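Dropping final_15.cif in here (mmCIF, C-alpha atoms and all ligand atoms):
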data_start
#
loop_
_atom_site.group_PDB
_atom_site.id
_atom_site.type_symbol
_atom_site.label_atom_id
_atom_site.label_comp_id
_atom_site.auth_asym_id
_atom_site.auth_seq_id
_atom_site.Cartn_x
_atom_site.Cartn_y
_atom_site.Cartn_z
ATOM 1 C CA MET A 19 7.588 -7.691 -10.978
ATOM 2 C CA VAL A 20 4.719 -9.779 -12.285
ATOM 3 C CA PHE A 21 1.272 -9.401 -10.712
ATOM 4 C CA ASP A 22 -1.219 -12.161 -11.524
ATOM 5 C CA VAL A 23 -4.673 -10.945 -10.551
ATOM 6 C CA ILE A 24 -7.409 -13.551 -10.215
ATOM 7 C CA THR A 25 -10.770 -11.831 -10.592
ATOM 8 C CA ILE A 26 -14.243 -12.215 -12.066
ATOM 9 C CA PHE A 27 -13.985 -8.609 -13.326
ATOM 10 C CA PRO A 28 -10.796 -8.270 -15.410
ATOM 11 C CA ASP A 29 -12.233 -5.169 -17.120
ATOM 12 C CA PHE A 30 -12.345 -3.417 -13.753
ATOM 13 C CA PHE A 31 -8.572 -2.855 -14.072
ATOM 14 C CA ARG A 32 -8.621 -1.207 -17.515
ATOM 15 C CA SER A 33 -8.606 2.355 -16.219
ATOM 16 C CA ILE A 34 -5.831 1.984 -13.636
ATOM 17 C CA LEU A 35 -3.628 0.111 -16.116
ATOM 18 C CA GLU A 36 -4.114 2.760 -18.789
ATOM 19 C CA HIS A 37 -3.224 5.749 -16.620
ATOM 20 C CA GLY A 38 -0.571 6.955 -14.240
ATOM 21 C CA LEU A 39 2.143 5.067 -12.455
ATOM 22 C CA LEU A 40 1.118 1.491 -13.264
ATOM 23 C CA LYS A 41 0.898 2.290 -16.959
ATOM 24 C CA ARG A 42 4.332 3.979 -16.915
ATOM 25 C CA ALA A 43 5.812 1.043 -14.988
ATOM 26 C CA MET A 44 4.375 -1.406 -17.509
ATOM 27 C CA VAL A 45 5.527 0.550 -20.552
ATOM 28 C CA ALA A 46 9.042 0.795 -19.085
ATOM 29 C CA GLY A 47 9.051 -2.958 -18.465
ATOM 30 C CA HIS A 48 9.275 -2.788 -14.662
ATOM 31 C CA VAL A 49 5.850 -4.309 -14.097
ATOM 32 C CA GLU A 50 3.679 -6.839 -15.868
ATOM 33 C CA VAL A 51 0.033 -7.303 -14.877
ATOM 34 C CA ARG A 52 -1.660 -10.520 -15.982
ATOM 35 C CA LEU A 53 -5.407 -10.516 -15.473
ATOM 36 C CA ARG A 54 -6.797 -14.014 -14.943
ATOM 37 C CA ASP A 55 -10.537 -14.383 -15.339
ATOM 38 C CA LEU A 56 -11.655 -16.776 -12.608
ATOM 39 C CA ARG A 57 -14.429 -18.055 -14.880
ATOM 40 C CA ASP A 58 -11.766 -19.462 -17.241
ATOM 41 C CA PHE A 59 -10.935 -21.968 -14.481
ATOM 42 C CA THR A 60 -14.466 -23.337 -14.103
ATOM 43 C CA ASN A 61 -15.601 -26.517 -15.841
ATOM 44 C CA ASP A 62 -19.377 -26.230 -15.890
ATOM 45 C CA ARG A 63 -21.630 -24.871 -18.600
ATOM 46 C CA HIS A 64 -22.528 -21.747 -16.611
ATOM 47 C CA ARG A 65 -18.917 -20.971 -15.642
ATOM 48 C CA SER A 66 -20.101 -20.602 -12.055
ATOM 49 C CA VAL A 67 -17.646 -19.431 -9.430
ATOM 50 C CA ASP A 68 -19.941 -19.198 -6.396
ATOM 51 C CA ASP A 69 -22.492 -21.201 -4.423
ATOM 52 C CA ARG A 70 -24.754 -20.873 -1.368
ATOM 53 C CA PRO A 71 -23.079 -21.021 2.058
ATOM 54 C CA PHE A 72 -23.245 -24.266 4.031
ATOM 55 C CA GLY A 73 -25.203 -23.639 7.219
ATOM 56 C CA GLY A 74 -27.480 -21.137 5.508
ATOM 57 C CA GLY A 75 -27.457 -17.374 5.578
ATOM 58 C CA PRO A 76 -27.528 -14.632 2.978
ATOM 59 C CA GLY A 77 -25.291 -14.207 -0.048
ATOM 60 C CA MET A 78 -22.998 -16.414 -2.045
ATOM 61 C CA VAL A 79 -19.467 -17.657 -1.444
ATOM 62 C CA PHE A 80 -16.654 -18.180 -3.968
ATOM 63 C CA LYS A 81 -16.163 -21.928 -4.469
ATOM 64 C CA PRO A 82 -12.695 -23.356 -3.833
ATOM 65 C CA GLU A 83 -12.264 -25.378 -7.072
ATOM 66 C CA PRO A 84 -11.836 -22.550 -9.631
ATOM 67 C CA ILE A 85 -9.439 -20.650 -7.354
ATOM 68 C CA PHE A 86 -7.334 -23.740 -6.611
ATOM 69 C CA ARG A 87 -7.299 -24.543 -10.343
ATOM 70 C CA ALA A 88 -6.246 -20.977 -11.230
ATOM 71 C CA VAL A 89 -3.354 -20.904 -8.748
ATOM 72 C CA GLU A 90 -2.239 -24.429 -9.647
ATOM 73 C CA THR A 91 -2.179 -23.425 -13.324
ATOM 74 C CA LEU A 92 0.015 -20.407 -12.500
ATOM 75 C CA LYS A 93 2.341 -22.599 -10.435
ATOM 76 C CA ALA A 94 2.614 -25.141 -13.242
ATOM 77 C CA GLU A 95 3.392 -22.331 -15.723
ATOM 78 C CA SER A 96 6.219 -21.062 -13.544
ATOM 79 C CA ARG A 97 7.729 -24.550 -13.166
ATOM 80 C CA GLY A 98 7.998 -24.718 -9.387
ATOM 81 C CA ALA A 99 9.048 -21.109 -8.724
ATOM 82 C CA ASN A 100 7.890 -19.957 -5.313
ATOM 83 C CA PHE A 101 5.805 -16.791 -5.019
ATOM 84 C CA PRO A 102 3.321 -15.325 -2.548
ATOM 85 C CA VAL A 103 -0.338 -16.080 -3.135
ATOM 86 C CA ILE A 104 -2.248 -13.260 -1.459
ATOM 87 C CA LEU A 105 -5.942 -13.450 -0.678
ATOM 88 C CA LEU A 106 -7.369 -9.934 -0.417
ATOM 89 C CA SER A 107 -9.539 -9.934 2.681
ATOM 90 C CA PRO A 108 -10.704 -7.463 5.341
ATOM 91 C CA GLN A 109 -9.510 -10.093 7.831
ATOM 92 C CA GLY A 110 -5.913 -10.080 6.564
ATOM 93 C CA ARG A 111 -2.857 -8.282 7.928
ATOM 94 C CA LEU A 112 -3.039 -4.578 7.330
ATOM 95 C CA LEU A 113 -1.261 -3.209 4.266
ATOM 96 C CA THR A 114 1.257 -0.725 5.640
ATOM 97 C CA GLN A 115 4.271 0.844 3.937
ATOM 98 C CA ALA A 116 6.425 -1.748 5.718
ATOM 99 C CA VAL A 117 4.319 -4.593 4.250
ATOM 100 C CA ALA A 118 4.550 -2.933 0.813
ATOM 101 C CA GLU A 119 8.356 -2.740 1.156
ATOM 102 C CA GLU A 120 8.407 -6.453 2.029
ATOM 103 C CA LEU A 121 6.265 -7.327 -1.020
ATOM 104 C CA ALA A 122 8.398 -5.154 -3.304
ATOM 105 C CA ARG A 123 11.265 -7.620 -2.761
ATOM 106 C CA GLU A 124 9.296 -10.376 -4.545
ATOM 107 C CA SER A 125 9.481 -10.904 -8.307
ATOM 108 C CA ARG A 126 5.965 -12.256 -8.686
ATOM 109 C CA ILE A 127 2.783 -11.921 -6.628
ATOM 110 C CA VAL A 128 -0.600 -13.586 -7.110
ATOM 111 C CA LEU A 129 -3.587 -11.544 -5.893
ATOM 112 C CA ILE A 130 -6.956 -13.237 -5.368
ATOM 113 C CA SER A 131 -9.958 -10.891 -5.396
ATOM 114 C CA GLY A 132 -13.038 -12.144 -3.589
ATOM 115 C CA ARG A 133 -16.649 -10.986 -4.019
ATOM 116 C CA TYR A 134 -20.056 -11.543 -2.408
ATOM 117 C CA GLU A 135 -19.837 -12.940 1.154
ATOM 118 C CA GLY A 136 -16.209 -13.844 0.552
ATOM 119 C CA VAL A 137 -14.164 -16.896 -0.362
ATOM 120 C CA ASP A 138 -14.453 -20.506 0.862
ATOM 121 C CA GLU A 139 -12.216 -20.655 3.947
ATOM 122 C CA ARG A 140 -10.211 -23.566 2.504
ATOM 123 C CA VAL A 141 -8.558 -21.086 0.144
ATOM 124 C CA ALA A 142 -7.238 -19.026 3.086
ATOM 125 C CA GLU A 143 -6.224 -22.124 5.026
ATOM 126 C CA ASN A 144 -4.712 -24.303 2.320
ATOM 127 C CA LEU A 145 -3.848 -22.243 -0.755
ATOM 128 C CA ALA A 146 -3.055 -18.626 0.083
ATOM 129 C CA SER A 147 0.312 -17.901 1.680
ATOM 130 C CA ASP A 148 -0.879 -14.546 2.991
ATOM 131 C CA GLU A 149 -4.085 -12.554 3.572
ATOM 132 C CA VAL A 150 -3.904 -8.781 3.143
ATOM 133 C CA SER A 151 -6.417 -6.096 4.078
ATOM 134 C CA ILE A 152 -6.176 -2.539 2.774
ATOM 135 C CA GLY A 153 -8.037 -1.149 5.785
ATOM 136 C CA GLU A 154 -10.544 -1.799 8.518
ATOM 137 C CA TYR A 155 -13.652 -1.503 6.376
ATOM 138 C CA VAL A 156 -15.468 -3.854 4.010
ATOM 139 C CA LEU A 157 -15.421 -3.389 0.235
ATOM 140 C CA SER A 158 -17.758 -5.297 -2.060
ATOM 141 C CA GLY A 159 -14.860 -6.899 -3.862
ATOM 142 C CA GLY A 160 -11.110 -7.450 -3.806
ATOM 143 C CA GLU A 161 -10.450 -5.645 -7.109
ATOM 144 C CA LEU A 162 -9.975 -2.197 -5.537
ATOM 145 C CA ALA A 163 -7.753 -3.778 -2.893
ATOM 146 C CA ALA A 164 -5.669 -5.564 -5.571
ATOM 147 C CA ALA A 165 -5.262 -2.251 -7.411
ATOM 148 C CA VAL A 166 -4.083 -0.561 -4.212
ATOM 149 C CA VAL A 167 -1.553 -3.327 -3.503
ATOM 150 C CA MET A 168 -0.165 -3.134 -7.057
ATOM 151 C CA GLU A 169 0.161 0.662 -6.946
ATOM 152 C CA VAL A 170 1.899 0.875 -3.548
ATOM 153 C CA VAL A 171 4.271 -1.992 -4.368
ATOM 154 C CA ALA A 172 5.046 -0.844 -7.935
ATOM 155 C CA ARG A 173 6.080 2.655 -6.869
ATOM 156 C CA LEU A 174 8.739 1.105 -4.592
ATOM 157 C CA LEU A 175 10.391 -0.860 -7.403
ATOM 158 C CA PRO A 176 13.756 0.497 -8.567
ATOM 159 C CA GLY A 177 13.370 2.762 -11.603
ATOM 160 C CA VAL A 178 9.584 3.124 -11.435
ATOM 161 C CA LEU A 179 9.603 6.619 -9.926
ATOM 162 C CA GLY A 180 11.566 9.087 -12.053
ATOM 163 C CA ASN A 181 14.666 10.965 -10.837
ATOM 164 C CA GLU A 182 12.452 13.897 -9.911
ATOM 165 C CA GLU A 183 10.368 11.735 -7.587
ATOM 166 C CA SER A 184 11.467 9.732 -4.608
ATOM 167 C CA CYS A 185 9.675 7.576 -2.103
ATOM 168 C CA GLU A 186 12.494 7.788 0.440
ATOM 169 C CA GLN A 187 11.178 10.830 2.276
ATOM 170 C CA GLU A 188 7.520 10.017 1.947
ATOM 171 C CA SER A 189 5.239 9.423 4.893
ATOM 172 C CA PHE A 190 5.803 6.028 6.561
ATOM 173 C CA SER A 191 8.851 5.278 4.409
ATOM 174 C CA SER A 192 11.346 3.388 6.527
ATOM 175 C CA CYS A 193 14.433 4.443 4.472
ATOM 176 C CA GLY A 194 16.025 1.253 5.752
ATOM 177 C CA GLN A 195 15.344 2.172 9.392
ATOM 178 C CA SER A 196 14.497 -0.720 11.621
ATOM 179 C CA VAL A 197 13.893 -0.528 15.335
ATOM 180 C CA GLY A 198 13.171 -3.689 17.288
ATOM 181 C CA GLY A 199 12.552 -5.478 13.997
ATOM 182 C CA ARG A 200 9.778 -3.018 13.051
ATOM 183 C CA LYS A 201 10.276 -0.714 10.096
ATOM 184 C CA HIS A 202 8.531 2.637 10.044
ATOM 185 C CA GLY A 203 9.069 6.203 9.038
ATOM 186 C CA MET A 204 7.607 9.472 10.153
ATOM 187 C CA LEU A 205 5.128 11.649 8.252
ATOM 188 C CA ASP A 206 6.415 13.724 5.345
ATOM 189 C CA PHE A 207 7.332 17.410 5.753
ATOM 190 C CA PRO A 208 4.976 20.079 4.249
ATOM 191 C CA HIS A 209 5.411 20.943 0.569
ATOM 192 C CA TYR A 210 4.891 24.325 -1.145
ATOM 193 C CA THR A 211 5.121 25.583 -4.713
ATOM 194 C CA ARG A 212 4.681 28.876 -6.626
ATOM 195 C CA PRO A 213 3.374 31.499 -5.974
ATOM 196 C CA ALA A 214 5.404 32.345 -2.850
ATOM 197 C CA ASP A 215 2.572 34.636 -1.766
ATOM 198 C CA PHE A 216 -0.940 33.342 -2.459
ATOM 199 C CA ARG A 217 -3.621 35.739 -1.198
ATOM 200 C CA GLY A 218 -1.311 36.793 1.602
ATOM 201 C CA LEU A 219 -0.574 33.176 2.568
ATOM 202 C CA CYS A 220 3.203 33.121 2.382
ATOM 203 C CA VAL A 221 5.587 30.216 1.960
ATOM 204 C CA PRO A 222 8.028 29.858 4.903
ATOM 205 C CA GLU A 223 10.995 32.217 4.290
ATOM 206 C CA VAL A 224 13.607 29.510 4.804
ATOM 207 C CA LEU A 225 12.418 27.643 1.675
ATOM 208 C CA LEU A 226 13.234 30.716 -0.435
ATOM 209 C CA SER A 227 16.668 31.215 1.171
ATOM 210 C CA GLY A 228 18.645 28.803 -1.020
ATOM 211 C CA ASP A 229 20.442 27.622 2.142
ATOM 212 C CA HIS A 230 20.296 23.825 1.714
ATOM 213 C CA GLU A 231 21.382 22.980 5.257
ATOM 214 C CA LYS A 232 18.776 25.289 6.798
ATOM 215 C CA ILE A 233 16.106 23.849 4.479
ATOM 216 C CA ARG A 234 17.082 20.296 5.474
ATOM 217 C CA GLN A 235 16.862 21.175 9.177
ATOM 218 C CA TRP A 236 13.500 22.921 8.715
ATOM 219 C CA ARG A 237 12.044 19.940 6.844
ATOM 220 C CA ARG A 238 13.250 17.438 9.439
ATOM 221 C CA LYS A 239 11.807 19.607 12.218
ATOM 222 C CA ARG A 240 8.404 20.001 10.506
ATOM 223 C CA ALA A 241 8.239 16.257 9.702
ATOM 224 C CA LEU A 242 8.955 15.433 13.342
ATOM 225 C CA GLU A 243 6.484 18.032 14.552
ATOM 226 C CA LYS A 244 3.686 16.734 12.295
ATOM 227 C CA THR A 245 4.382 13.161 13.358
ATOM 228 C CA TRP A 246 4.460 14.157 17.031
ATOM 229 C CA ARG A 247 1.113 15.938 16.723
ATOM 230 C CA ARG A 248 -0.755 13.498 14.447
ATOM 231 C CA ARG A 249 0.863 10.061 14.793
ATOM 232 C CA PRO A 250 2.926 9.974 18.016
ATOM 233 C CA ASP A 251 2.739 6.151 17.847
ATOM 234 C CA LEU A 252 5.127 6.211 14.865
ATOM 235 C CA LEU A 253 7.839 7.882 16.959
ATOM 236 C CA GLN A 254 8.165 4.704 19.061
ATOM 237 C CA SER A 255 9.694 2.842 16.123
ATOM 238 C CA ILE A 256 11.774 5.514 14.414
ATOM 239 C CA GLU A 257 15.522 5.716 14.907
ATOM 240 C CA LEU A 258 16.032 9.236 16.288
ATOM 241 C CA ASN A 259 19.324 11.115 16.144
ATOM 242 C CA ASP A 260 20.504 13.777 18.634
ATOM 243 C CA GLU A 261 19.045 16.573 16.492
ATOM 244 C CA ASP A 262 15.636 14.820 16.440
ATOM 245 C CA ARG A 263 15.666 14.309 20.198
ATOM 246 C CA ARG A 264 16.482 18.012 20.721
ATOM 247 C CA ILE A 265 13.554 18.994 18.477
ATOM 248 C CA LEU A 266 11.168 16.662 20.304
ATOM 249 C CA ASP A 267 12.385 17.994 23.692
ATOM 250 C CA GLN A 268 11.612 21.533 22.520
ATOM 251 C CA LEU A 269 8.130 20.467 21.381
ATOM 252 C CA GLN A 270 7.437 18.732 24.709
ATOM 253 C CA ARG A 271 8.630 21.746 26.673
ATOM 254 C CA ALA A 272 6.559 24.157 24.563
ATOM 255 C CA ALA A 273 3.526 21.921 25.072
ATOM 256 C CA CYS A 274 4.022 21.948 28.859
ATOM 257 C CA GLU A 275 4.392 25.725 28.941
ATOM 258 C CA ALA A 276 1.390 26.373 26.644
ATOM 259 C CA PRO A 277 -0.489 23.106 26.074
ATOM 260 C CA ILE A 278 -0.949 22.630 22.314
ATOM 261 C CA GLN A 279 -3.875 20.653 20.942
ATOM 262 C CA ARG A 280 -2.739 17.609 18.978
ATOM 263 C CA ASP A 281 -4.262 17.617 15.442
HETATM 264 N N1 LIG A 301 -17.825 -11.475 4.631
HETATM 265 C C1 LIG A 301 -16.513 -10.875 4.604
HETATM 266 C C2 LIG A 301 -16.175 -10.372 5.988
HETATM 267 O O1 LIG A 301 -17.045 -9.818 6.661
HETATM 268 O O2 LIG A 301 -15.009 -10.480 6.397
HETATM 269 C C3 LIG A 301 -16.465 -9.707 3.639
HETATM 270 C C4 LIG A 301 -16.527 -10.112 2.197
HETATM 271 S S1 LIG A 301 -16.372 -8.720 1.114
HETATM 272 C C5 LIG A 301 -18.014 -8.174 0.972
HETATM 273 C C6 LIG A 301 -16.028 -9.435 -0.443
HETATM 274 C C7 LIG A 301 -14.568 -9.423 -0.841
HETATM 275 O O3 LIG A 301 -14.081 -8.093 -0.918
HETATM 276 C C8 LIG A 301 -13.616 -10.143 0.077
HETATM 277 O O4 LIG A 301 -13.588 -11.530 -0.178
HETATM 278 C C9 LIG A 301 -12.280 -9.480 -0.253
HETATM 279 O O5 LIG A 301 -11.636 -10.080 -1.379
HETATM 280 C C10 LIG A 301 -12.697 -8.070 -0.623
HETATM 281 N N2 LIG A 301 -12.480 -7.093 0.459
HETATM 282 C C11 LIG A 301 -13.438 -6.460 1.165
HETATM 283 N N3 LIG A 301 -12.912 -5.614 2.047
HETATM 284 C C12 LIG A 301 -11.571 -5.691 1.915
HETATM 285 C C13 LIG A 301 -10.477 -5.055 2.566
HETATM 286 N N4 LIG A 301 -10.655 -4.170 3.524
HETATM 287 N N5 LIG A 301 -9.214 -5.374 2.162
HETATM 288 C C14 LIG A 301 -9.012 -6.284 1.191
HETATM 289 N N6 LIG A 301 -10.025 -6.930 0.543
HETATM 290 C C15 LIG A 301 -11.288 -6.642 0.894
#
Would you encode the structure as structure tokens?
Amino acid sequence: MVFDVITIFPDFFRSILEHGLLKRAMVAGHVEVRLRDLRDFTNDRHRSVDDRPFGGGPGMVFKPEPIFRAVETLKAESRGANFPVILLSPQGRLLTQAVAEELARESRIVLISGRYEGVDERVAENLASDEVSIGEYVLSGGELAAAVVMEVVARLLPGVLGNEESCEQESFSSCGQSVGGRKHGMLDFPHYTRPADFRGLCVPEVLLSGDHEKIRQWRRKRALEKTWRRRPDLLQSIELNDEDRRILDQLQRAACEAPIQRD
């Protein structure tokens, strides 16, 4: 997977590319990150990337020319290969695990990081193939958002997580489940490690039993229970088996008998 990141702050990415998962993925050859300084695609003496907004108002707006030039250069380099050009924007579609799984099927992704008041709308309308938001809040720049997209997509690529790690059981992971065209998973089950007794707070007995089937059932039940309490909306799009439905029935009945507060 190649990520081309168009930014005015290439140095911003130094830390995340020198630590953790992205670094490991790059060293192992699963991921390549190419930082493209937007100012390299300007053609004036001051290498200016922004200008005042038409119609007045505060702040500056990224001009279209350098961004168009940057993306056109990348397209020319890849000799006609088709790849998504994503404008990071609070107005884009929300980055969910399902969107990350969709992006992980690509072999190359261009990420455009805006700044200031944002990016000239002609980029969104005529150049970008997609707009992605990492959440319903406004950051000062797209660099953090680009880093988040790269991290969530990279960890889904085959071979990036070691044998000891797996994203299949993680919260929101669809594990190939698709209901009504929507792909979602439930929340993860609770995890514990040594010591088994920490200040009198004990790990559930079943996890110490060595009985793999009982442990599997307990984990499924706790994952369903957490999802039911915290994110009942997710249950609408998860493929439930008979065991799951029995567990949810029990939870509903217990709630009717002694109403439980949802978290
Ligand atoms: N004026 C814009 C608005 O209200 O929609 C906000 C511009 S923001 C201050 C500057 C840049 O940060 C955006 O162009 C975008 O690249 C990035 N950005 C801010 N919030 C974001 C979010 N939630 N997800 C992705 N990118 C974001």
Write as an NGL selection string the residues around ligand LIG 301 (chain A), taking 12 Å as the cut-off and counting all atoms listed in the file.
-> :A and (23-26 or 68 or 71 or 75-81 or 104-114 or 129-139 or 141-142 or 148-167)
Could you name the residues that touch Glu261 of chain A at 12 Å or less, counting all atoms listed in the file, but leaving out those on the same chain fewer than 4 positions away, as a compact mmCIF listing (two decimals) with C-alpha atoms, keeping the file's coordinate frame?
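Produced file result.txt, reproduced below:
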# COMPACT_ATOMS: atom_id res chain seq x y z
CA ARG A 234 17.08 20.30 5.47
CA GLN A 235 16.86 21.18 9.18
CA TRP A 236 13.50 22.92 8.72
CA ARG A 238 13.25 17.44 9.44
CA LYS A 239 11.81 19.61 12.22
CA LEU A 242 8.96 15.43 13.34
CA GLU A 257 15.52 5.72 14.91
CA ILE A 265 13.55 18.99 18.48
CA LEU A 266 11.17 16.66 20.30
CA ASP A 267 12.38 17.99 23.69
CA GLN A 268 11.61 21.53 22.52
Correct to one decimal, the distance atom CA of Glu83 of chain A-atom CA of Thr60 of chain A is 7.6 Å
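Nearest to Phe31 of chain A of all the residues A:Arg54, A:Asp260, A:Val170, A:Pro176 is A:Arg54, based on all atoms listed in the file.
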To one decimal place, how far is atom CA of Ile127 of chain A from atom CA of Pro102 of chain A in Å?
->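 Between these atoms lies a distance of 5.3 Å.
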Shortest contact to Glu186 of chain A, candidates A:Phe72, A:Pro222, A:Glu119, A:Lys93, atoms counted all atoms listed in the file, goes to A:Glu119
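Between atom CA of Glu124 of chain A and atom CA of Leu53 of chain A lies a distance of 18.3 Å.
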Per residue of segment 99-215 of chain A within 9 Å of segment 43-46 of chain A, what are the shortest atom pair and its distance in Å to one decimal, counting all atoms listed in the file, with rows by chain and residue number, as JSON lines?
{"residue": "A:Ala172", "atom": "CA", "partner": "A:Ala43", "partner_atom": "CA", "distance": 7.3}
{"residue": "A:Arg173", "atom": "CA", "partner": "A:Ala43", "partner_atom": "CA", "distance": 8.3}
{"residue": "A:Gly177", "atom": "CA", "partner": "A:Ala43", "partner_atom": "CA", "distance": 8.5}
{"residue": "A:Val178", "atom": "CA", "partner": "A:Ala43", "partner_atom": "CA", "distance": 5.6}
{"residue": "A:Leu179", "atom": "CA", "partner": "A:Ala43", "partner_atom": "CA", "distance": 8.4}
Find the residues around Asp206 of chain A up to 9 Å (all atoms listed in the file counted), leave out those fewer than 3 positions away in its own chain, and share them as a short mmCIF file (atom, residue, chain, number, x, y, z; two decimals) with C-alpha atoms, keeping the file's coordinate frame.
data_model
loop_
_atom_site.label_atom_id
_atom_site.label_comp_id
_atom_site.auth_asym_id
_atom_site.auth_seq_id
_atom_site.Cartn_x
_atom_site.Cartn_y
_atom_site.Cartn_z
CA GLN A 187 11.18 10.83 2.28
CA GLU A 188 7.52 10.02 1.95
CA SER A 189 5.24 9.42 4.89
CA PHE A 190 5.80 6.03 6.56
CA SER A 191 8.85 5.28 4.41
CA GLY A 203 9.07 6.20 9.04
CA HIS A 209 5.41 20.94 0.57
CA ARG A 237 12.04 19.94 6.84
CA ARG A 238 13.25 17.44 9.44
CA ARG A 240 8.40 20.00 10.51
CA ALA A 241 8.24 16.26 9.70
CA LEU A 242 8.96 15.43 13.34
CA LYS A 244 3.69 16.73 12.30
CA THR A 245 4.38 13.16 13.36
#
Pick from A:Leu56, A:Leu174, A:Ala94, A:Leu258 nearest to Ala118 of chain A, counting all atoms listed in the file = A:Leu174
Selecting N, CA and C atoms, how would segment 256-270 of chain A from this structure be written as a CSV table (one decimal), in the first residue's frame?
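Dumped to decode08.csv:
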chain,number,residue,atom,x,y,z
A,256,ILE,N,-25.6,-6.6,12.8
A,256,ILE,CA,-24.7,-7.7,13.0
A,256,ILE,C,-25.4,-9.0,12.7
A,257,GLU,N,-24.8,-10.0,12.1
A,257,GLU,CA,-25.4,-11.2,11.8
A,257,GLU,C,-25.4,-12.1,13.1
A,258,LEU,N,-26.6,-12.3,13.7
A,258,LEU,CA,-26.6,-13.0,15.0
A,258,LEU,C,-26.9,-14.5,14.8
A,259,ASN,N,-26.2,-15.3,15.6
A,259,ASN,CA,-26.6,-16.8,15.5
A,259,ASN,C,-27.5,-17.1,16.6
A,260,ASP,N,-28.0,-18.4,16.7
A,260,ASP,CA,-29.0,-18.7,17.7
A,260,ASP,C,-28.4,-18.5,19.1
A,261,GLU,N,-27.1,-18.8,19.3
A,261,GLU,CA,-26.5,-18.6,20.7
A,261,GLU,C,-26.6,-17.1,21.0
A,262,ASP,N,-26.3,-16.2,20.1
A,262,ASP,CA,-26.3,-14.7,20.3
A,262,ASP,C,-27.7,-14.3,20.7
A,263,ARG,N,-28.7,-14.8,19.9
A,263,ARG,CA,-30.1,-14.4,20.2
A,263,ARG,C,-30.5,-14.8,21.6
A,264,ARG,N,-30.1,-16.1,22.0
A,264,ARG,CA,-30.4,-16.5,23.3
A,264,ARG,C,-29.8,-15.6,24.4
A,265,ILE,N,-28.6,-15.2,24.2
A,265,ILE,CA,-27.9,-14.3,25.1
A,265,ILE,C,-28.6,-13.0,25.2
A,266,LEU,N,-29.0,-12.4,24.1
A,266,LEU,CA,-29.7,-11.1,24.1
A,266,LEU,C,-31.1,-11.2,24.7
A,267,ASP,N,-31.8,-12.4,24.5
A,267,ASP,CA,-33.1,-12.6,25.1
A,267,ASP,C,-32.9,-12.6,26.7
A,268,GLN,N,-31.8,-13.3,27.1
A,268,GLN,CA,-31.6,-13.3,28.6
A,268,GLN,C,-31.3,-11.9,29.1
A,269,LEU,N,-30.6,-11.1,28.4
A,269,LEU,CA,-30.3,-9.7,28.8
A,269,LEU,C,-31.5,-8.9,28.9
A,270,GLN,N,-32.4,-9.1,27.8
A,270,GLN,CA,-33.6,-8.3,27.8
A,270,GLN,C,-34.5,-8.7,29.0
